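Have a look at input12.cif below; it lists mmCIF, C-alpha atoms.
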```cif
data_protein
#
loop_
_atom_site.group_PDB
_atom_site.id
_atom_site.type_symbol
_atom_site.label_atom_id
_atom_site.label_comp_id
_atom_site.auth_asym_id
_atom_site.auth_seq_id
_atom_site.Cartn_x
_atom_site.Cartn_y
_atom_site.Cartn_z
ATOM 1 C CA MET U 18 22.559 12.416 -2.467
ATOM 2 C CA GLU U 19 18.859 11.629 -2.575
ATOM 3 C CA VAL U 20 16.648 8.984 -4.151
ATOM 4 C CA GLN U 21 12.847 9.094 -3.863
ATOM 5 C CA GLY U 22 13.225 11.813 -1.229
ATOM 6 C CA LYS U 23 15.493 9.587 0.866
ATOM 7 C CA LEU U 24 19.248 9.484 1.400
ATOM 8 C CA LYS U 25 21.508 6.935 -0.227
ATOM 9 C CA VAL U 26 24.845 5.912 1.235
ATOM 10 C CA ILE U 27 27.473 3.752 -0.455
ATOM 11 C CA CYS U 28 27.243 0.186 0.841
ATOM 12 C CA THR U 29 30.472 -1.618 1.753
ATOM 13 C CA ASP U 30 28.842 -4.755 3.209
ATOM 14 C CA LEU U 31 30.315 -7.735 1.331
ATOM 15 C CA HIS U 32 27.335 -9.864 2.338
ATOM 16 C CA ILE U 33 25.052 -7.657 0.246
ATOM 17 C CA TYR U 34 27.406 -7.976 -2.721
ATOM 18 C CA ASN U 35 27.303 -11.771 -2.298
ATOM 19 C CA ILE U 36 23.492 -11.767 -2.377
ATOM 20 C CA CYS U 37 23.583 -9.687 -5.546
ATOM 21 C CA ALA U 38 25.906 -12.233 -7.108
ATOM 22 C CA LYS U 39 23.300 -14.940 -6.443
ATOM 23 C CA LEU U 40 20.568 -12.963 -8.178
ATOM 24 C CA LEU U 41 22.364 -11.186 -11.005
ATOM 25 C CA ASP U 42 24.202 -12.402 -14.080
ATOM 26 C CA GLU U 43 25.638 -8.943 -14.712
ATOM 27 C CA SER U 44 28.175 -6.739 -12.994
ATOM 28 C CA VAL U 45 27.275 -4.394 -10.150
ATOM 29 C CA LYS U 46 29.068 -1.056 -10.277
ATOM 30 C CA THR U 47 27.918 0.454 -6.981
ATOM 31 C CA ILE U 48 25.451 -0.428 -4.234
ATOM 32 C CA TYR U 49 23.772 2.260 -2.159
ATOM 33 C CA GLN U 50 21.878 1.640 1.059
ATOM 34 C CA ILE U 51 18.644 3.605 1.288
ATOM 35 C CA CYS U 52 18.299 5.706 4.443
ATOM 36 C CA GLU U 53 16.031 8.477 5.647
ATOM 37 C CA ARG U 54 16.919 11.572 7.639
ATOM 38 C CA TYR U 55 14.481 12.753 10.319
ATOM 39 C CA GLY U 56 16.637 15.480 11.895
ATOM 40 C CA GLU U 57 20.069 17.062 11.953
ATOM 41 C CA LYS U 58 21.775 14.578 14.289
ATOM 42 C CA GLU U 59 23.520 11.431 13.141
ATOM 43 C CA GLU U 60 21.090 9.286 15.138
ATOM 44 C CA ASP U 61 18.241 10.882 13.197
ATOM 45 C CA ILE U 62 19.166 8.831 10.148
ATOM 46 C CA ARG U 63 17.263 5.551 9.787
ATOM 47 C CA ASN U 64 18.843 2.790 7.703
ATOM 48 C CA TYR U 65 16.635 0.438 5.688
ATOM 49 C CA ASP U 66 17.348 -3.055 4.393
ATOM 50 C CA VAL U 67 16.812 -1.633 0.917
ATOM 51 C CA TYR U 68 19.617 -1.170 -1.601
ATOM 52 C CA LEU U 69 19.858 0.661 -4.906
ATOM 53 C CA LEU U 70 22.054 -1.238 -7.345
ATOM 54 C CA GLU U 71 23.868 0.450 -10.193
ATOM 55 C CA THR U 72 24.298 -2.386 -12.691
ATOM 56 C CA SER U 73 25.524 -2.625 -16.245
ATOM 57 C CA SER U 74 21.891 -2.657 -17.476
ATOM 58 C CA GLY U 75 20.560 0.078 -15.178
ATOM 59 C CA GLN U 76 19.227 0.556 -11.656
ATOM 60 C CA LYS U 77 17.589 -2.174 -9.599
ATOM 61 C CA ILE U 78 16.299 -2.475 -6.038
ATOM 62 C CA LEU U 79 17.342 -5.216 -3.625
ATOM 63 C CA LYS U 80 15.420 -5.405 -0.386
ATOM 64 C CA LYS U 81 14.923 -7.645 2.585
ATOM 65 C CA THR U 82 11.317 -8.710 2.566
ATOM 66 C CA SER U 83 8.655 -11.158 3.672
ATOM 67 C CA VAL U 84 7.616 -14.481 2.215
ATOM 68 C CA ARG U 85 4.281 -12.825 1.433
ATOM 69 C CA GLU U 86 5.796 -10.204 -0.859
ATOM 70 C CA VAL U 87 7.871 -12.793 -2.709
ATOM 71 C CA THR U 88 4.763 -14.958 -3.115
ATOM 72 C CA ASN U 89 2.681 -12.025 -4.366
ATOM 73 C CA TYR U 90 5.215 -11.259 -7.081
ATOM 74 C CA LYS U 91 5.652 -14.879 -8.142
ATOM 75 C CA LYS U 92 1.958 -15.778 -8.025
ATOM 76 C CA TYR U 93 0.177 -12.606 -9.108
ATOM 77 C CA LEU U 94 2.396 -9.785 -10.352
ATOM 78 C CA ALA U 95 5.371 -11.035 -12.347
ATOM 79 C CA GLY U 96 4.925 -10.967 -16.120
ATOM 80 C CA LYS U 97 1.302 -9.796 -15.999
ATOM 81 C CA ASP U 98 1.670 -6.330 -17.609
ATOM 82 C CA LEU U 99 0.503 -4.613 -14.437
ATOM 83 C CA ALA U 100 1.675 -1.274 -13.041
ATOM 84 C CA VAL U 101 4.191 -2.772 -10.609
ATOM 85 C CA PRO U 102 8.002 -3.050 -10.619
ATOM 86 C CA ILE U 103 9.499 -5.798 -12.770
ATOM 87 C CA PHE U 104 10.370 -8.850 -10.674
ATOM 88 C CA TYR U 105 13.883 -10.171 -11.341
ATOM 89 C CA GLY U 106 14.056 -12.884 -8.696
ATOM 90 C CA SER U 107 14.338 -13.706 -5.004
ATOM 91 C CA TRP U 108 16.844 -15.341 -2.702
ATOM 92 C CA LYS U 109 16.504 -16.936 0.723
ATOM 93 C CA ASP U 110 19.621 -16.410 2.788
ATOM 94 C CA GLU U 111 19.726 -17.983 6.268
ATOM 95 C CA ASN U 112 15.910 -17.724 6.608
ATOM 96 C CA VAL U 113 15.960 -14.124 5.373
ATOM 97 C CA ASN U 114 14.124 -13.382 2.132
ATOM 98 C CA TRP U 115 15.511 -10.960 -0.436
ATOM 99 C CA ILE U 116 13.777 -9.707 -3.555
ATOM 100 C CA LEU U 117 15.242 -8.030 -6.631
ATOM 101 C CA LEU U 118 13.002 -5.536 -8.437
ATOM 102 C CA GLU U 119 13.013 -2.806 -11.027
ATOM 103 C CA HIS U 120 13.839 0.617 -9.630
ATOM 104 C CA ILE U 121 10.957 2.996 -10.342
ATOM 105 C CA ASN U 122 12.784 6.293 -10.641
ATOM 106 C CA GLY U 123 9.877 8.681 -10.201
ATOM 107 C CA GLN U 124 7.999 10.793 -7.680
ATOM 108 C CA ASP U 125 5.493 9.492 -5.165
ATOM 109 C CA LEU U 126 1.988 10.940 -4.866
ATOM 110 C CA ARG U 127 2.306 12.860 -1.597
ATOM 111 C CA ASP U 128 1.294 15.980 -3.541
ATOM 112 C CA MET U 129 -1.770 14.822 -5.458
ATOM 113 C CA THR U 130 -2.940 16.319 -8.731
ATOM 114 C CA ASP U 131 -6.145 15.632 -10.639
ATOM 115 C CA GLU U 132 -4.156 13.798 -13.291
ATOM 116 C CA SER U 133 -2.246 11.594 -10.839
ATOM 117 C CA ALA U 134 -5.487 10.680 -9.015
ATOM 118 C CA ILE U 135 -6.938 9.443 -12.308
ATOM 119 C CA THR U 136 -3.745 7.623 -13.300
ATOM 120 C CA ALA U 137 -3.509 5.922 -9.896
ATOM 121 C CA ALA U 138 -7.094 4.735 -10.279
ATOM 122 C CA ASP U 139 -6.319 3.265 -13.705
ATOM 123 C CA SER U 140 -3.341 1.325 -12.318
ATOM 124 C CA LEU U 141 -5.339 -0.021 -9.389
ATOM 125 C CA VAL U 142 -8.427 -1.012 -11.370
ATOM 126 C CA LYS U 143 -6.388 -2.999 -13.884
ATOM 127 C CA ILE U 144 -5.093 -5.159 -11.035
ATOM 128 C CA GLN U 145 -8.558 -5.452 -9.509
ATOM 129 C CA ASN U 146 -10.096 -6.563 -12.805
ATOM 130 C CA GLN U 147 -7.435 -9.224 -13.331
ATOM 131 C CA TYR U 148 -8.105 -10.920 -9.989
ATOM 132 C CA TRP U 149 -11.754 -10.073 -9.271
ATOM 133 C CA ASN U 150 -13.393 -12.810 -7.158
ATOM 134 C CA HIS U 151 -10.154 -14.801 -7.053
ATOM 135 C CA GLY U 152 -10.530 -17.884 -4.873
ATOM 136 C CA ASP U 153 -7.329 -17.648 -2.807
ATOM 137 C CA MET U 154 -8.504 -17.286 0.815
ATOM 138 C CA GLU U 155 -5.250 -17.473 2.820
ATOM 139 C CA ARG U 156 -4.635 -13.726 3.079
ATOM 140 C CA PHE U 157 -8.336 -13.030 3.608
ATOM 141 C CA TYR U 158 -8.526 -15.310 6.656
ATOM 142 C CA THR U 159 -5.525 -13.537 8.203
ATOM 143 C CA TYR U 160 -7.195 -10.192 7.510
ATOM 144 C CA LEU U 161 -10.515 -11.398 8.958
ATOM 145 C CA GLU U 162 -8.834 -12.564 12.154
ATOM 146 C CA ARG U 163 -7.169 -9.169 12.519
ATOM 147 C CA ILE U 164 -10.311 -7.064 12.102
ATOM 148 C CA GLU U 165 -12.307 -9.313 14.431
ATOM 149 C CA LYS U 166 -9.624 -8.710 17.056
ATOM 150 C CA ARG U 167 -9.828 -4.973 16.323
ATOM 151 C CA TYR U 168 -13.549 -5.036 17.113
ATOM 152 C CA HIS U 169 -12.781 -6.018 20.703
ATOM 153 C CA TYR U 170 -10.670 -2.886 21.061
ATOM 154 C CA ILE U 171 -13.708 -0.614 20.562
ATOM 155 C CA LYS U 172 -16.561 -2.877 21.689
ATOM 156 C CA GLU U 173 -17.241 -0.778 24.808
ATOM 157 C CA ASP U 174 -18.067 2.249 22.663
ATOM 158 C CA LYS U 175 -21.641 1.489 21.592
ATOM 159 C CA ILE U 176 -21.703 3.725 18.521
ATOM 160 C CA LEU U 177 -18.307 2.659 17.160
ATOM 161 C CA ALA U 178 -18.962 -0.998 17.963
ATOM 162 C CA ARG U 179 -22.340 -1.083 16.213
ATOM 163 C CA ALA U 180 -20.903 0.536 13.106
ATOM 164 C CA TYR U 181 -17.871 -1.739 13.144
ATOM 165 C CA GLN U 182 -20.127 -4.786 13.343
ATOM 166 C CA ILE U 183 -21.802 -3.664 10.120
ATOM 167 C CA PHE U 184 -18.351 -3.389 8.548
ATOM 168 C CA LEU U 185 -17.414 -6.868 9.788
ATOM 169 C CA ASN U 186 -20.594 -8.437 8.447
ATOM 170 C CA ARG U 187 -19.993 -6.980 4.988
ATOM 171 C CA GLN U 188 -16.377 -8.188 4.840
ATOM 172 C CA ARG U 189 -17.448 -11.812 4.773
ATOM 173 C CA ASN U 190 -19.288 -11.445 1.455
ATOM 174 C CA CYS U 191 -17.658 -8.346 -0.050
ATOM 175 C CA PRO U 192 -16.102 -9.068 -3.480
ATOM 176 C CA ARG U 193 -12.403 -9.844 -3.170
ATOM 177 C CA THR U 194 -9.474 -9.169 -5.438
ATOM 178 C CA LEU U 195 -5.715 -8.759 -5.281
ATOM 179 C CA SER U 196 -4.982 -5.886 -2.910
ATOM 180 C CA ASN U 197 -1.748 -4.110 -2.047
ATOM 181 C CA GLY U 198 -2.782 -3.849 1.603
ATOM 182 C CA ASP U 199 -0.809 -0.644 2.179
ATOM 183 C CA PHE U 200 -1.799 1.556 -0.752
ATOM 184 C CA LEU U 201 -0.640 4.864 0.678
ATOM 185 C CA GLN U 202 0.659 7.760 -1.387
ATOM 186 C CA PHE U 203 4.313 6.889 -0.804
ATOM 187 C CA ASN U 204 3.660 3.432 -2.250
ATOM 188 C CA ALA U 205 2.497 4.926 -5.543
ATOM 189 C CA MET U 206 5.220 6.189 -7.869
ATOM 190 C CA ILE U 207 4.534 8.171 -11.024
ATOM 191 C CA LYS U 208 6.925 7.676 -13.921
ATOM 192 C CA GLU U 209 6.330 8.662 -17.535
ATOM 193 C CA ASP U 210 2.623 9.356 -16.882
ATOM 194 C CA LYS U 211 2.052 5.951 -15.294
ATOM 195 C CA VAL U 212 1.536 5.200 -11.593
ATOM 196 C CA PHE U 213 3.379 2.141 -10.314
ATOM 197 C CA ILE U 214 2.197 0.446 -7.112
ATOM 198 C CA ILE U 215 5.102 -0.740 -4.952
ATOM 199 C CA ASP U 216 5.674 -2.578 -1.641
ATOM 200 C CA TRP U 217 3.483 -5.694 -1.721
ATOM 201 C CA GLY U 218 4.474 -7.103 1.670
ATOM 202 C CA PHE U 219 0.949 -6.717 3.070
ATOM 203 C CA GLY U 220 -0.811 -7.751 -0.119
ATOM 204 C CA GLY U 221 -3.037 -10.638 -1.082
ATOM 205 C CA VAL U 222 -6.621 -11.372 -2.035
ATOM 206 C CA MET U 223 -8.850 -9.254 0.209
ATOM 207 C CA PRO U 224 -12.004 -7.092 -0.091
ATOM 208 C CA TYR U 225 -11.717 -4.777 -3.093
ATOM 209 C CA SER U 226 -12.631 -1.650 -1.124
ATOM 210 C CA LEU U 227 -9.555 -1.760 1.139
ATOM 211 C CA ASP U 228 -7.029 -0.262 -1.288
ATOM 212 C CA ILE U 229 -9.507 2.369 -2.471
ATOM 213 C CA ALA U 230 -10.182 3.522 1.075
ATOM 214 C CA ARG U 231 -6.575 3.472 2.266
ATOM 215 C CA PHE U 232 -5.488 5.616 -0.660
ATOM 216 C CA ILE U 233 -7.862 8.438 0.324
ATOM 217 C CA ALA U 234 -8.168 7.960 4.106
ATOM 218 C CA HIS U 235 -4.973 9.689 5.248
ATOM 219 C CA ALA U 236 -4.604 12.472 2.686
ATOM 220 C CA THR U 237 -6.046 15.894 3.519
ATOM 221 C CA GLU U 238 -5.846 19.439 2.215
ATOM 222 C CA ASP U 239 -4.066 20.595 5.385
ATOM 223 C CA ARG U 240 -1.944 17.418 5.816
ATOM 224 C CA ALA U 241 -3.618 16.826 9.185
ATOM 225 C CA THR U 242 -2.320 13.264 9.604
ATOM 226 C CA PHE U 243 0.255 12.064 7.065
ATOM 227 C CA PRO U 244 2.191 14.567 4.917
ATOM 228 C CA PHE U 245 -0.160 13.764 2.021
ATOM 229 C CA TYR U 246 -2.137 16.367 0.075
ATOM 230 C CA MET U 247 -5.388 15.362 -1.634
ATOM 231 C CA ASP U 248 -8.540 17.439 -1.872
ATOM 232 C CA ASP U 249 -12.136 16.205 -1.886
ATOM 233 C CA TYR U 250 -12.506 16.673 -5.623
ATOM 234 C CA GLN U 251 -9.460 14.483 -6.279
ATOM 235 C CA LYS U 252 -10.825 11.819 -3.944
ATOM 236 C CA GLU U 253 -14.088 11.848 -5.866
ATOM 237 C CA LEU U 254 -12.174 11.636 -9.153
ATOM 238 C CA PHE U 255 -10.235 8.624 -7.883
ATOM 239 C CA ILE U 256 -13.301 6.804 -6.529
ATOM 240 C CA ASN U 257 -15.392 7.333 -9.645
ATOM 241 C CA ARG U 258 -12.540 6.468 -11.995
ATOM 242 C CA VAL U 259 -12.061 3.118 -10.259
ATOM 243 C CA TYR U 260 -15.780 2.415 -10.418
ATOM 244 C CA SER U 261 -16.058 3.265 -14.111
ATOM 245 C CA GLY U 262 -13.114 0.988 -14.877
ATOM 246 C CA LEU U 263 -14.321 -2.101 -13.024
ATOM 247 C CA HIS U 264 -15.552 -4.850 -15.358
ATOM 248 C CA GLN U 265 -17.574 -6.451 -12.571
ATOM 249 C CA LYS U 266 -18.899 -4.308 -9.753
ATOM 250 C CA PRO U 267 -21.634 -3.890 -7.176
ATOM 251 C CA GLU U 268 -24.326 -1.263 -7.584
ATOM 252 C CA TYR U 269 -22.883 2.224 -7.131
ATOM 253 C CA GLU U 270 -24.669 2.789 -3.800
ATOM 254 C CA GLN U 271 -23.172 -0.429 -2.424
ATOM 255 C CA TYR U 272 -19.768 0.558 -3.814
ATOM 256 C CA ILE U 273 -19.857 3.835 -1.882
ATOM 257 C CA ARG U 274 -21.014 2.019 1.271
ATOM 258 C CA ASP U 275 -18.132 -0.460 0.928
ATOM 259 C CA ILE U 276 -15.654 2.401 0.716
ATOM 260 C CA LYS U 277 -17.180 4.107 3.757
ATOM 261 C CA TYR U 278 -16.964 0.864 5.743
ATOM 262 C CA ALA U 279 -13.307 0.470 4.765
ATOM 263 C CA LEU U 280 -12.605 4.130 5.612
ATOM 264 C CA PHE U 281 -14.122 3.564 9.030
ATOM 265 C CA ASN U 282 -11.815 0.590 9.532
ATOM 266 C CA GLU U 283 -8.817 2.765 8.578
ATOM 267 C CA TYR U 284 -9.716 5.294 11.264
ATOM 268 C CA ILE U 285 -10.227 2.603 13.913
ATOM 269 C CA GLU U 286 -6.919 0.965 12.956
ATOM 270 C CA PHE U 287 -4.986 4.151 13.615
ATOM 271 C CA ILE U 288 -6.833 4.807 16.866
ATOM 272 C CA GLU U 289 -6.011 1.270 18.010
ATOM 273 C CA ALA U 290 -2.360 1.768 17.036
ATOM 274 C CA GLY U 291 -2.066 4.897 19.184
ATOM 275 C CA GLU U 292 -1.536 7.131 16.126
ATOM 276 C CA ASP U 293 -4.186 9.696 17.032
ATOM 277 C CA GLU U 294 -2.575 12.290 19.280
ATOM 278 C CA LYS U 295 -4.760 15.126 17.965
ATOM 279 C CA ASN U 296 -7.971 13.012 17.919
ATOM 280 C CA TRP U 297 -8.352 13.521 14.173
ATOM 281 C CA TYR U 298 -9.073 9.851 13.585
ATOM 282 C CA GLY U 299 -11.393 9.758 16.583
ATOM 283 C CA GLU U 300 -13.468 12.609 15.202
ATOM 284 C CA GLN U 301 -13.607 11.082 11.735
ATOM 285 C CA ALA U 302 -14.546 7.664 13.132
ATOM 286 C CA GLU U 303 -17.345 9.083 15.286
ATOM 287 C CA LYS U 304 -18.785 11.063 12.366
ATOM 288 C CA LEU U 305 -18.611 8.160 9.936
ATOM 289 C CA ALA U 306 -20.004 5.669 12.464
ATOM 290 C CA ARG U 307 -23.155 7.769 12.861
ATOM 291 C CA GLU U 308 -23.457 8.021 9.084
ATOM 292 C CA ILE U 309 -23.111 4.243 8.700
ATOM 293 C CA LEU U 310 -25.752 3.611 11.356
ATOM 294 C CA LYS U 311 -28.235 5.887 9.603
ATOM 295 C CA SER U 312 -27.806 4.261 6.192
#
```
Would you encode the structure as C-alpha cells?
Amino acid sequence: MEVQGKLKVICTDLHIYNICAKLLDESVKTIYQICERYGEKEEDIRNYDVYLLETSSGQKILKKTSVREVTNYKKYLAGKDLAVPIFYGSWKDENVNWILLEHINGQDLRDMTDESAITAADSLVKIQNQYWNHGDMERFYTYLERIEKRYHYIKEDKILARAYQIFLNRQRNCPRTLSNGDFLQFNAMIKEDKVFIIDWGFGGVMPYSLDIARFIAHATEDRATFPFYMDDYQKELFINRVYSGLHQKPEYEQYIRDIKYALFNEYIEFIEAGEDEKNWYGEQAEKLAREILKS
C-alpha cells in the first residue's frame, strides 16, 4: 500500500501505541509506519520515524521530531488559520520529542502546474505577512553562523567568494519572517485546491527570501537535480504572486536581488554538501555569481 508516494507497513511496536495513548483521547484502530522503497531488494526500503494513525475521528500523523519543530507549532503555527497541518499535541519520551499532526492526504508538488504555483505562493505569503519583521532572533543567529561558515568553504574562489560576501552583507538587514527552512516541493501538499506547507523542523524567523528561493532553486524542466518539474514561467508566476501578496515589501528590484542572493546560497549549499556530481550547481553558481557582481 502507498501513502504520499511512500510505503506504509503495519506497526506492531507497543512503544508507539503507548505514545499514542499519551497524546490521544480516542481509540487507535491501526498504526502504519511510513517507509520508502528505493529499489527491489529488502534493504532498499528505508523506515522513517513517522506513523500514520487510523483513529476513530480520522487519520493523523505521529512523528519523531526536533524541539524546534514542536516550538514552531506551539509558538507560530497552531490555531493561526495558516496552510499547515493541525497541531494536536506533543510528547517528550526519554528525551525524544514526538508530535501529533493532521494527516494531509493529498499530492505533493513534484509535478508543478501553473495553478499549484499560484496556490503555493498564496499559502506562503499568508505566513510571511503574519510574521513580517518578527523580533525573534534565535533561529536567525543559528542561520547566520551557518552561512558565515559556508563562506569559508568557497573563499578561495574569488568570484564565488565576492558574490557570497554580498549575500552575507544583505542577510544582516534583510526583512525577516517565519520561514519553513526546507520549502521543497515534497514539503508542499495540495489538498482541495489548497497547498499545505509541512515539515517545520528547520523553520524559524529568518530572511523572507529563503523559502521563495528554495522552492524554485531545485526544480527544472528536465529534472536535472531533484525529481521536481517546474518551468520558468511557473517560477515567475510564483515569485510575482508572492510579491503582489506581501503587505509590506521592499522595492521590486530589491526583492528580485534578494531572491537571486538566496538562490546563490542554495547552489553553494549543495556544492558544499557534495551533492553536485554533474556540476549543475557549480555552473548555476558561477553564472549567478557573475550576475550578482555586475548588479
Output of the PyMOL selection byres ((chain U and resi 219) around 9), listed as a PyMOL selection string
chain U and resi 83+85-86+156+196-199+216-218+220-221
To one decimal in Å, tell me the separation between atom CA of Asn190 of chain U and atom CA of Asp275 of chain U.
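Value for the atom CA of Asn190 of chain U-atom CA of Asp275 of chain U distance: 11.1 Å.
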I would like the residues chosen by the PyMOL selection byres ((chain U and resi 212) around 8) on the shown file; could you give them as a PyMOL selection string?
chain U and resi 100+133+136-137+140+205-208+210-211+213-214
Please report as a tab-separated table every residue of segment 98-206 of chain U lying within 12 Å of segment 249-257 of chain U, along with the nearest atom pair and their distance in Å (one decimal), using only C-alpha atoms.
```
residue	atom	partner	partner_atom	distance
U:Asp128	CA	U:Gln251	CA	11.2
U:Met129	CA	U:Gln251	CA	7.7
U:Thr130	CA	U:Gln251	CA	7.2
U:Asp131	CA	U:Gln251	CA	5.6
U:Glu132	CA	U:Gln251	CA	8.8
U:Ser133	CA	U:Gln251	CA	9.0
U:Ala134	CA	U:Phe255	CA	5.3
U:Ile135	CA	U:Phe255	CA	5.6
U:Thr136	CA	U:Phe255	CA	8.5
U:Ala137	CA	U:Phe255	CA	7.5
U:Ala138	CA	U:Phe255	CA	5.5
U:Asp139	CA	U:Phe255	CA	8.8
U:Ser140	CA	U:Phe255	CA	11.0
U:Leu141	CA	U:Phe255	CA	10.0
U:Val142	CA	U:Phe255	CA	10.4
```
Kindly export the residues of the current selection with C-alpha atoms, as a PDB file, keeping the file's coordinate frame.
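The file below, selection.pdb, is the result:
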```
ATOM      1  CA  ASP U 128       1.294  15.980  -3.541  1.00  0.00           C
ATOM      2  CA  MET U 129      -1.770  14.822  -5.458  1.00  0.00           C
ATOM      3  CA  THR U 130      -2.940  16.319  -8.731  1.00  0.00           C
ATOM      4  CA  ASP U 131      -6.145  15.632 -10.639  1.00  0.00           C
ATOM      5  CA  GLU U 132      -4.156  13.798 -13.291  1.00  0.00           C
ATOM      6  CA  SER U 133      -2.246  11.594 -10.839  1.00  0.00           C
ATOM      7  CA  ALA U 134      -5.487  10.680  -9.015  1.00  0.00           C
ATOM      8  CA  ILE U 135      -6.938   9.443 -12.308  1.00  0.00           C
ATOM      9  CA  THR U 136      -3.745   7.623 -13.300  1.00  0.00           C
ATOM     10  CA  ALA U 137      -3.509   5.922  -9.896  1.00  0.00           C
ATOM     11  CA  ALA U 138      -7.094   4.735 -10.279  1.00  0.00           C
ATOM     12  CA  ASP U 139      -6.319   3.265 -13.705  1.00  0.00           C
ATOM     13  CA  SER U 140      -3.341   1.325 -12.318  1.00  0.00           C
ATOM     14  CA  LEU U 141      -5.339  -0.021  -9.389  1.00  0.00           C
ATOM     15  CA  VAL U 142      -8.427  -1.012 -11.370  1.00  0.00           C
TER      16      VAL U 142
END
```
Taking a cut-off of 9 Å and counting all atoms listed in the file, can you build a table that, for each residue of segment 111-176 of chain U near segment 289-299 of chain U, reports the nearest atom pair and how far apart they are in Å (one decimal), sorted by chain then residue number, as a tab-separated table?
```
residue	atom	partner	partner_atom	distance
U:Arg167	CA	U:Glu289	CA	7.5
U:Tyr170	CA	U:Glu289	CA	6.9
U:Ile171	CA	U:Glu289	CA	8.3
```
Write out as a list of chain:residue names the residues lying within 7 Å of segment 68-81 of chain U, counting only C-alpha atoms and excluding same-chain residues fewer than 2 positions away.
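Answer for this query is U:Glu43, U:Ser44, U:Val45, U:Lys46, U:Thr47, U:Ile48, U:Tyr49, U:Gln50, U:Ile51, U:Asp66, U:Asn114, U:Trp115, U:Ile116, U:Leu117, U:Leu118, U:Glu119, U:His120.
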Atom CA of Cys52 of chain U to atom CA of Gln202 of chain U, straight-line distance in Å
18.7 Å
In the coordinates of the file, take the point (-8.1, -9.2, -15.6) and a cut-off of 10 Å; then, counting only C-alpha atoms, name each qualifying protein, DNA or RNA residue as JSON, numbers by chain.
{"U": [97, 99, 142, 143, 144, 145, 146, 147, 148, 149, 263, 264]}
Pick from U:Asp239, U:Glu286, U:Glu209, U:Asp110, whichever lies nearest to Arg163 of chain U using only C-alpha atoms:
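So, comparing all the options, the nearest one is U:Glu286.
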Resolved residues for the PyMOL selection byres ((chain U and resi 63) around 6) as a VMD selection string
chain U and resid 52 to 53 62 64
Those same residues, written as a PDB file, in the coordinates of the input with C-alpha atoms?
```
ATOM      1  CA  CYS U  52      18.299   5.706   4.443  1.00  0.00           C
ATOM      2  CA  GLU U  53      16.031   8.477   5.647  1.00  0.00           C
ATOM      3  CA  ILE U  62      19.166   8.831  10.148  1.00  0.00           C
ATOM      4  CA  ASN U  64      18.843   2.790   7.703  1.00  0.00           C
TER       5      ASN U  64
END
```
One number please: atom CA of Glu238 of chain U to atom CA of Asn204 of chain U, in Å, one decimal.
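Interatomic distance here is 19.1 Å.
The residue that comes closest to Leu280 of chain U, out of U:Gln265, U:Asn112, U:Ser312, U:Ser226 and on the basis of only C-alpha atoms, is U:Ser226.
Considering all atoms listed in the file, the residue among U:Ile36, U:Ala180, U:Lys166, U:Leu94 positioned nearest to Lys109 of chain U is U:Ile36.
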Spatial neighbours of Pro244 of chain U, max dist 9 Å, all atoms listed in the file, sep filter under 6 positions, as a count of residues only:
5
Counting all atoms listed in the file, figure out which residue out of U:Lys277, U:His151, U:His169, U:Arg179 gets nearest to Met223 of chain U.
U:His151
